[in-house]
Amino acid sequence: MAHLLGAESISLEYPTKVVFENVTVGIDEGDRIGVVGRNGDGKTTLLRMLAGRLQPDSGRVTRRGGVTIGMLDQSDALATGLTVSESIVGDRPEYEWASDARVRDVIEGLVGDIRWDALVDDLSGGQRRRVALASVLTHDWDVVFLDEPTNHLDVEGVAWLAQHLKKRWAATSGGLVVVTHDRWFLDEVSTDTWEVHDATIEPFEGGYAAYILQRVERDRMAAASESKRQNLMRKELAWLRRGAPARSTKPKFRMDAAAALIDDVPPIRDSVSLARLAVNRLGKDVVDLLDATVTYPTIEPDGRVGSREVLHPIEWRIAPGERTGILGVNGAGKSTLLGLVAGTVEPTTGRVKRGKTVKLAILDQRLDELADIANDRVSAVIAREKTSFNSGGVELTPGQLLERLGFTSAQLSTPVKDLSGGQKRRLQLLLILLHEPNVLILDEPTNDLDTDMLAAMEDLLDSWPGTLLVVSHDRYLLERVTDQQYAVLDGRFRHLPGGVEEYLKIRAAQIAGRVGGDAAVSRPTSSDFDAGAGRTAPPTGLTGAAKRDAEKELAAANRRLAKYTDQIAAKHAELAAHDQNDYIGLGTLQSGLAELESSSAKLEERWLQLSGLLEG
């Protein structure tokens with residue numbers, strides 16, 4: 001494949017850190033590269049150097065003649081005083097960009113809910129981010145660099161972006177380099193992965209899942225090699241210590257070999273380790289929402305005070321140990337729903353019943369609880385909680401506990417205000433867990449966390465025994481740590497037997513007009529950009545006997561789906577308990593599981609069709 005651009009022996013050093021040292025990488029036609037690594041290791045710096053926005057101290061970045069480069073960086077640098085349309089399509093005539101299917105697709109997918117004539121100065125941070133991304137994607141580039149493109153995108157926005165990038169170029173043309181902590185997105189768009197660490201770049205074949213498999217194998221081989229090396233080291237040191245007289249006669253090559261073994265001990269990169277912490281005992285009653293509604297006052301255009309029902313009657317009985325993920329577009333009412341559970345929002349009608357033993361904690365998007373301790377040192381903050389901590393049956397000092405969360409010895413004496421965003425999130429999570437809650441609400445918990453820290457958080461949540469409620473646009477996290485998903489759709493709380501995929505189908509149906517959706521949050525269809533065309537009206541819903549028949553079939557489908565869920569879970573348990581050497585028996589069980597899953601999938605499709613007909 002033809003070469004597009006590359007870096008040859010580049011090095012970059014800051015006063016306190018070597019960022020890259022003698023690194024050589026290249027991007028060819030058809031490359032789709034995901035960049036991973038810990039926060040602060042140089043991922044953004046790498047993109048800026050490859051894009052020509054930052055010069056290395058030594059080495060050079062070269063590009064093939066005529067290659068064009070587009071880049072989305074983290075600063076969202078939009079020119080002030082421009083409208084949304086001017087920022088995205090510039091001064092191109094409308095007939096030119098409106099007739100381009102790619103441009104229409106980008107506008108529909110990213111900024112369909114933003115006024116075309118709005119000033120970018122008046123937009124929220126999330127809206128500005130989407131406008132900046134749209135301004136890059138509406139132009140033709142040979143190579144596109146994207147730095148955290150999924151920030152401020154919801155689940156369906158991330159899914160749209162992945163599909164757009166996958167079909168943007170032919171398989172053997174164009175180049176993409178993306179830095180993101182969204183692991184599902186990395187797996188969807190990447191064919192290669194670069195890991196940035198220790199001033200170098202290590203390439204891996206495949207997306208995130210393939211990278212993890214290769215990295216585990218690399219670490220396993222390194223551990224075996226290190227074990228042999230440690231044994232050799234112990235023998236060398238034992239030999240060197242056999243008395244002063246003998247030491248003076250040691251051959252110098254043996255002394256040099258021992259010194260090399262000692263000097264070459266590498267620092268442990270993956271030092272993040274979160275062990276299970278205690279929780280308060282949780283009784284059988286957690287939180288029940290009983291026909292709860294929430295209505296907020298509104299101001300009508302004529303100045304009269306009106307009202308808007310954000311959440312329609314909801315009945316949700318949260319069980320001990322329940323692990324639920326909650327989906328919904330921005331503004332759908334997810335935070336209001338969590339407020340009902342947490343007690344910070346009172347229902348307008350209905351009631352909320354809480355168990356006597358419930359001790360609830362919230363990890364939200366803000367870091368307000370760290371404001372009062374901003375000038376305190378990290379170790380002092382933890383020491384004020386307790387002098388020792390029991391973690392997995394082991395007594396730890398505050399310093400040891402912090403080191404298990406990835407804090408270095410130097411960072412223990414750092415004031416909280418000087419921590420990075422990811423370090424603050426780690427400290428925030430630790431302070432919450434030290435209070436031993438038994439119900440934990442995570443509201444967009446992945447902000448500012450790199451992939452290694454996300455994996456460590458998920459490892460902790462896997463063994464955390466309390467009730468867990470998660471609101472996140474991170475699809476990988478939702479599917480990893482929760483057992484079931486619900487969605488807030490049009491003010492109603494709706495179970496998603498098919499998980500995130502089912503949610504995306506429902507939203508796509510709403511946007512297409514097959515299901516009545518909220519026009520305030522739905523993106524426009526491409527017909528909005530056709531000359532003189534308005535929105536496509538949704539089809540008329542069922543009436544009379546046809547509607548009653550559909551309602552009966554939908555209710556029956558709900559019951560059958562619940563049975564399929566139980567049967568599939570039972571079959572998985574049966575497989576796990578079965579003799580793994582009985583291949584014939586395992587094959588029979590696998591065939592039975594495949595039949596159940598196939599029947600369930602077909603029924604879910606019919607369920608979606610009926611829902612669309614009834615709500616259309």
# chains A, B, ... in the order shown; residues from 1 in each chain; ligands from 1

call {"tool": "residues_around", "arguments": {"residues": "Asp566 in chain A", "least_positions_apart": "4", "cutoff": "12 Å", "atoms": "only C-alpha atoms", "output": "ChimeraX atom specification"}}
result
/A:497,559-562,570-573,593,596-597,600

call {"tool": "write_last_selection", "arguments": {"atoms": "C-alpha atoms", "output": "PDB file, in the first residue's frame"}}
result
ATOM      1  CA  PRO A 497     -34.097  -7.052  26.478  1.00  0.00           C
ATOM      2  CA  ARG A 559     -43.837 -12.713  28.540  1.00  0.00           C
ATOM      3  CA  ARG A 560     -42.075 -15.028  26.090  1.00  0.00           C
ATOM      4  CA  LEU A 561     -38.980 -12.796  26.037  1.00  0.00           C
ATOM      5  CA  ALA A 562     -38.791 -12.974  29.826  1.00  0.00           C
ATOM      6  CA  ALA A 570     -30.130 -21.395  32.988  1.00  0.00           C
ATOM      7  CA  LYS A 571     -28.466 -22.906  29.913  1.00  0.00           C
ATOM      8  CA  HIS A 572     -25.325 -20.810  30.514  1.00  0.00           C
ATOM      9  CA  ALA A 573     -25.222 -22.015  34.127  1.00  0.00           C
ATOM     10  CA  LEU A 593     -28.361 -22.515  23.688  1.00  0.00           C
ATOM     11  CA  LEU A 596     -32.848 -20.384  22.356  1.00  0.00           C
ATOM     12  CA  GLU A 597     -30.795 -17.345  21.366  1.00  0.00           C
ATOM     13  CA  SER A 600     -35.188 -14.885  21.262  1.00  0.00           C
TER      14      SER A 600
END

call {"tool": "select_by_dssp", "arguments": {"residues": "range 77-268 of chain A", "states": "alpha helix (DSSP H)", "output": "PyMOL selection string"}}
result
chain A and resi 84-89+94-98+101-111+125-137+155-168+183-189+208-240+244-248+252-263

call {"tool": "residues_around", "arguments": {"residues": "Gly207 in chain A", "least_positions_apart": "4", "cutoff": "7 Å", "atoms": "only C-alpha atoms", "output": "number ranges by chain"}}
result
A: 186-187, 190-193, 211

call {"tool": "write_last_selection", "arguments": {"atoms": "C-alpha atoms", "output": "PDB file, in the first residue's frame"}}
result
ATOM      1  CA  LEU A 186     -11.757   1.505  18.952  1.00  0.00           C
ATOM      2  CA  ASP A 187     -12.846  -2.040  18.191  1.00  0.00           C
ATOM      3  CA  SER A 190      -9.397   0.306  14.165  1.00  0.00           C
ATOM      4  CA  THR A 191      -7.461  -2.277  12.184  1.00  0.00           C
ATOM      5  CA  ASP A 192      -4.237  -1.521  14.070  1.00  0.00           C
ATOM      6  CA  THR A 193      -3.432  -0.228  17.557  1.00  0.00           C
ATOM      7  CA  TYR A 211      -4.601  -5.513  21.277  1.00  0.00           C
TER       8      TYR A 211
END

call {"tool": "residues_around", "arguments": {"residues": "Ala79 in chain A", "least_positions_apart": "4", "cutoff": "10 Å", "atoms": "only C-alpha atoms", "output": "PyMOL selection string"}}
result
chain A and resi 83+86-87+120-121

call {"tool": "residues_around", "arguments": {"residues": "Ala594 in chain A", "least_positions_apart": "3", "cutoff": "12 Å", "atoms": "only C-alpha atoms", "output": "list in words"}}
result
Tyr564, Gln567, Ile568, Lys571, His572, Gly587, Thr588, Leu589, Gln590, Ser591, Glu597, Ser598, Ser599, Ser600 and Ala601 of chain A

call {"tool": "atom_distance", "arguments": {"atom1": "CA of Ile432 in chain A", "atom2": "CA of Tyr486 in chain A"}}
result
25.0 Å

call {"tool": "residues_around", "arguments": {"residues": "Leu137 in chain A", "least_positions_apart": "4", "cutoff": "8 Å", "atoms": "only C-alpha atoms", "output": "count of residues only"}}
result
3

call {"tool": "residues_around", "arguments": {"residues": "range 441-443 of chain A", "least_positions_apart": "3", "cutoff": "9 Å", "atoms": "only C-alpha atoms", "output": "NGL selection string"}}
result
:A and (335 or 338 or 342 or 360-365 or 446 or 467-472)

call {"tool": "select_by_dssp", "arguments": {"residues": "range 44-129 of chain A", "states": "strand (DSSP E)", "output": "MDAnalysis selection string"}}
result
chainID A and resid 58:63 69:72

call {"tool": "write_last_selection", "arguments": {"atoms": "N, CA, C and O atoms", "output": "compact mmCIF listing (two decimals), in the first residue's frame"}}
result
# COMPACT_ATOMS: atom_id res chain seq x y z
N SER A 58 14.19 16.40 17.62
CA SER A 58 15.07 15.81 16.62
C SER A 58 14.25 14.81 15.79
O SER A 58 13.16 14.42 16.17
N GLY A 59 14.81 14.39 14.66
CA GLY A 59 14.06 13.56 13.75
C GLY A 59 13.17 14.41 12.86
O GLY A 59 13.19 15.64 12.91
N ARG A 60 12.34 13.76 12.06
CA ARG A 60 11.50 14.52 11.14
C ARG A 60 10.22 13.77 10.81
O ARG A 60 10.15 12.54 10.93
N VAL A 61 9.19 14.54 10.44
CA VAL A 61 7.92 14.00 9.97
C VAL A 61 7.80 14.34 8.49
O VAL A 61 7.91 15.50 8.10
N THR A 62 7.58 13.32 7.67
CA THR A 62 7.49 13.53 6.23
C THR A 62 6.13 13.08 5.73
O THR A 62 5.51 12.19 6.32
N ARG A 63 5.70 13.69 4.66
CA ARG A 63 4.44 13.28 4.04
C ARG A 63 4.61 13.23 2.53
O ARG A 63 5.42 13.96 1.96
N ILE A 69 -4.36 16.80 5.20
CA ILE A 69 -4.56 16.33 6.58
C ILE A 69 -5.63 17.17 7.26
O ILE A 69 -5.61 18.40 7.22
N GLY A 70 -6.58 16.50 7.89
CA GLY A 70 -7.58 17.15 8.73
C GLY A 70 -7.43 16.67 10.16
O GLY A 70 -7.14 15.49 10.38
N MET A 71 -7.63 17.57 11.13
CA MET A 71 -7.42 17.17 12.52
C MET A 71 -8.45 17.80 13.44
O MET A 71 -8.76 18.99 13.34
N LEU A 72 -8.98 16.97 14.33
CA LEU A 72 -9.80 17.43 15.45
C LEU A 72 -8.94 17.32 16.70
O LEU A 72 -8.52 16.22 17.07

call {"tool": "closest_residue", "arguments": {"among": "A:Ala410, A:Ile299, A:Val179, A:Ala222", "to": "Asn39 in chain A", "atoms": "only C-alpha atoms"}}
result
A:Val179

call {"tool": "decode", "arguments": {"residues": "range 299-326 of chain A", "atoms": "N, CA, C and O atoms", "output": "mmCIF file, in the first residue's frame"}}
result
data_model
loop_
_atom_site.group_PDB
_atom_site.id
_atom_site.type_symbol
_atom_site.label_atom_id
_atom_site.label_comp_id
_atom_site.auth_asym_id
_atom_site.auth_seq_id
_atom_site.Cartn_x
_atom_site.Cartn_y
_atom_site.Cartn_z
ATOM 1 N N ILE A 299 -42.228 28.194 31.022
ATOM 2 C CA ILE A 299 -42.761 29.508 30.618
ATOM 3 C C ILE A 299 -43.188 29.414 29.159
ATOM 4 O O ILE A 299 -42.357 29.147 28.276
ATOM 5 N N GLU A 300 -44.480 29.599 28.914
ATOM 6 C CA GLU A 300 -45.002 29.532 27.554
ATOM 7 C C GLU A 300 -44.595 30.765 26.760
ATOM 8 O O GLU A 300 -44.222 31.798 27.341
ATOM 9 N N PRO A 301 -44.653 30.698 25.406
ATOM 10 C CA PRO A 301 -44.286 31.857 24.581
ATOM 11 C C PRO A 301 -45.072 33.122 24.915
ATOM 12 O O PRO A 301 -44.561 34.233 24.757
ATOM 13 N N ASP A 302 -46.318 32.949 25.383
ATOM 14 C CA ASP A 302 -47.110 34.132 25.706
ATOM 15 C C ASP A 302 -46.876 34.618 27.133
ATOM 16 O O ASP A 302 -47.580 35.519 27.612
ATOM 17 N N GLY A 303 -45.918 34.013 27.841
ATOM 18 C CA GLY A 303 -45.576 34.466 29.188
ATOM 19 C C GLY A 303 -46.282 33.707 30.293
ATOM 20 O O GLY A 303 -45.934 33.871 31.475
ATOM 21 N N ARG A 304 -47.272 32.877 29.962
ATOM 22 C CA ARG A 304 -47.972 32.117 30.993
ATOM 23 C C ARG A 304 -47.093 30.989 31.518
ATOM 24 O O ARG A 304 -46.253 30.455 30.815
ATOM 25 N N VAL A 305 -47.315 30.624 32.765
ATOM 26 C CA VAL A 305 -46.586 29.525 33.381
ATOM 27 C C VAL A 305 -47.286 28.214 33.053
ATOM 28 O O VAL A 305 -48.478 28.049 33.332
ATOM 29 N N GLY A 306 -46.556 27.311 32.434
ATOM 30 C CA GLY A 306 -47.099 25.995 32.110
ATOM 31 C C GLY A 306 -46.353 24.910 32.870
ATOM 32 O O GLY A 306 -45.709 25.182 33.894
ATOM 33 N N SER A 307 -46.425 23.701 32.372
ATOM 34 C CA SER A 307 -45.719 22.600 33.022
ATOM 35 C C SER A 307 -45.339 21.555 31.985
ATOM 36 O O SER A 307 -45.980 21.444 30.935
ATOM 37 N N ARG A 308 -44.312 20.808 32.286
ATOM 38 C CA ARG A 308 -43.856 19.736 31.400
ATOM 39 C C ARG A 308 -43.562 18.507 32.247
ATOM 40 O O ARG A 308 -42.783 18.562 33.195
ATOM 41 N N GLU A 309 -44.198 17.394 31.882
ATOM 42 C CA GLU A 309 -43.979 16.150 32.610
ATOM 43 C C GLU A 309 -42.727 15.478 32.038
ATOM 44 O O GLU A 309 -42.737 14.932 30.935
ATOM 45 N N VAL A 310 -41.641 15.555 32.797
ATOM 46 C CA VAL A 310 -40.357 14.998 32.341
ATOM 47 C C VAL A 310 -40.378 13.477 32.407
ATOM 48 O O VAL A 310 -39.892 12.798 31.501
ATOM 49 N N LEU A 311 -40.931 12.944 33.493
ATOM 50 C CA LEU A 311 -41.040 11.499 33.651
ATOM 51 C C LEU A 311 -42.502 11.129 33.852
ATOM 52 O O LEU A 311 -43.152 11.642 34.766
ATOM 53 N N HIS A 312 -43.013 10.262 33.000
ATOM 54 C CA HIS A 312 -44.372 9.757 33.129
ATOM 55 C C HIS A 312 -44.393 8.687 34.218
ATOM 56 O O HIS A 312 -43.329 8.264 34.690
ATOM 57 N N PRO A 313 -45.566 8.230 34.650
ATOM 58 C CA PRO A 313 -45.616 7.274 35.762
ATOM 59 C C PRO A 313 -44.644 6.104 35.579
ATOM 60 O O PRO A 313 -44.704 5.367 34.591
ATOM 61 N N ILE A 314 -43.748 5.982 36.544
ATOM 62 C CA ILE A 314 -42.704 4.953 36.491
ATOM 63 C C ILE A 314 -42.825 4.037 37.692
ATOM 64 O O ILE A 314 -42.955 4.502 38.828
ATOM 65 N N GLU A 315 -42.800 2.748 37.423
ATOM 66 C CA GLU A 315 -42.722 1.765 38.507
ATOM 67 C C GLU A 315 -41.444 0.968 38.317
ATOM 68 O O GLU A 315 -41.269 0.268 37.319
ATOM 69 N N TRP A 316 -40.552 1.111 39.288
ATOM 70 C CA TRP A 316 -39.251 0.456 39.214
ATOM 71 C C TRP A 316 -38.873 0.004 40.618
ATOM 72 O O TRP A 316 -38.669 0.824 41.509
ATOM 73 N N ARG A 317 -38.785 -1.279 40.801
ATOM 74 C CA ARG A 317 -38.407 -1.843 42.101
ATOM 75 C C ARG A 317 -36.971 -2.359 41.981
ATOM 76 O O ARG A 317 -36.724 -3.392 41.369
ATOM 77 N N ILE A 318 -36.061 -1.632 42.577
ATOM 78 C CA ILE A 318 -34.638 -1.956 42.481
ATOM 79 C C ILE A 318 -34.307 -3.049 43.489
ATOM 80 O O ILE A 318 -34.577 -2.919 44.683
ATOM 81 N N ALA A 319 -33.708 -4.117 43.003
ATOM 82 C CA ALA A 319 -33.441 -5.280 43.841
ATOM 83 C C ALA A 319 -32.035 -5.231 44.426
ATOM 84 O O ALA A 319 -31.142 -4.577 43.866
ATOM 85 N N PRO A 320 -31.812 -5.919 45.548
ATOM 86 C CA PRO A 320 -30.449 -6.019 46.101
ATOM 87 C C PRO A 320 -29.505 -6.665 45.091
ATOM 88 O O PRO A 320 -29.833 -7.685 44.488
ATOM 89 N N GLY A 321 -28.358 -6.048 44.905
ATOM 90 C CA GLY A 321 -27.383 -6.588 43.959
ATOM 91 C C GLY A 321 -27.698 -6.338 42.505
ATOM 92 O O GLY A 321 -26.973 -6.806 41.621
ATOM 93 N N GLU A 322 -28.758 -5.583 42.211
ATOM 94 C CA GLU A 322 -29.118 -5.288 40.816
ATOM 95 C C GLU A 322 -28.028 -4.443 40.169
ATOM 96 O O GLU A 322 -27.460 -3.540 40.772
ATOM 97 N N ARG A 323 -27.744 -4.742 38.909
ATOM 98 C CA ARG A 323 -26.731 -3.999 38.146
ATOM 99 C C ARG A 323 -27.378 -3.542 36.846
ATOM 100 O O ARG A 323 -27.539 -4.322 35.901
ATOM 101 N N THR A 324 -27.773 -2.285 36.807
ATOM 102 C CA THR A 324 -28.581 -1.760 35.708
ATOM 103 C C THR A 324 -27.886 -0.596 35.023
ATOM 104 O O THR A 324 -27.403 0.331 35.680
ATOM 105 N N GLY A 325 -27.851 -0.636 33.696
ATOM 106 C CA GLY A 325 -27.371 0.479 32.891
ATOM 107 C C GLY A 325 -28.551 1.257 32.335
ATOM 108 O O GLY A 325 -29.564 0.664 31.957
ATOM 109 N N ILE A 326 -28.428 2.585 32.308
ATOM 110 C CA ILE A 326 -29.529 3.448 31.877
ATOM 111 C C ILE A 326 -29.076 4.271 30.677
ATOM 112 O O ILE A 326 -28.048 4.954 30.730
#
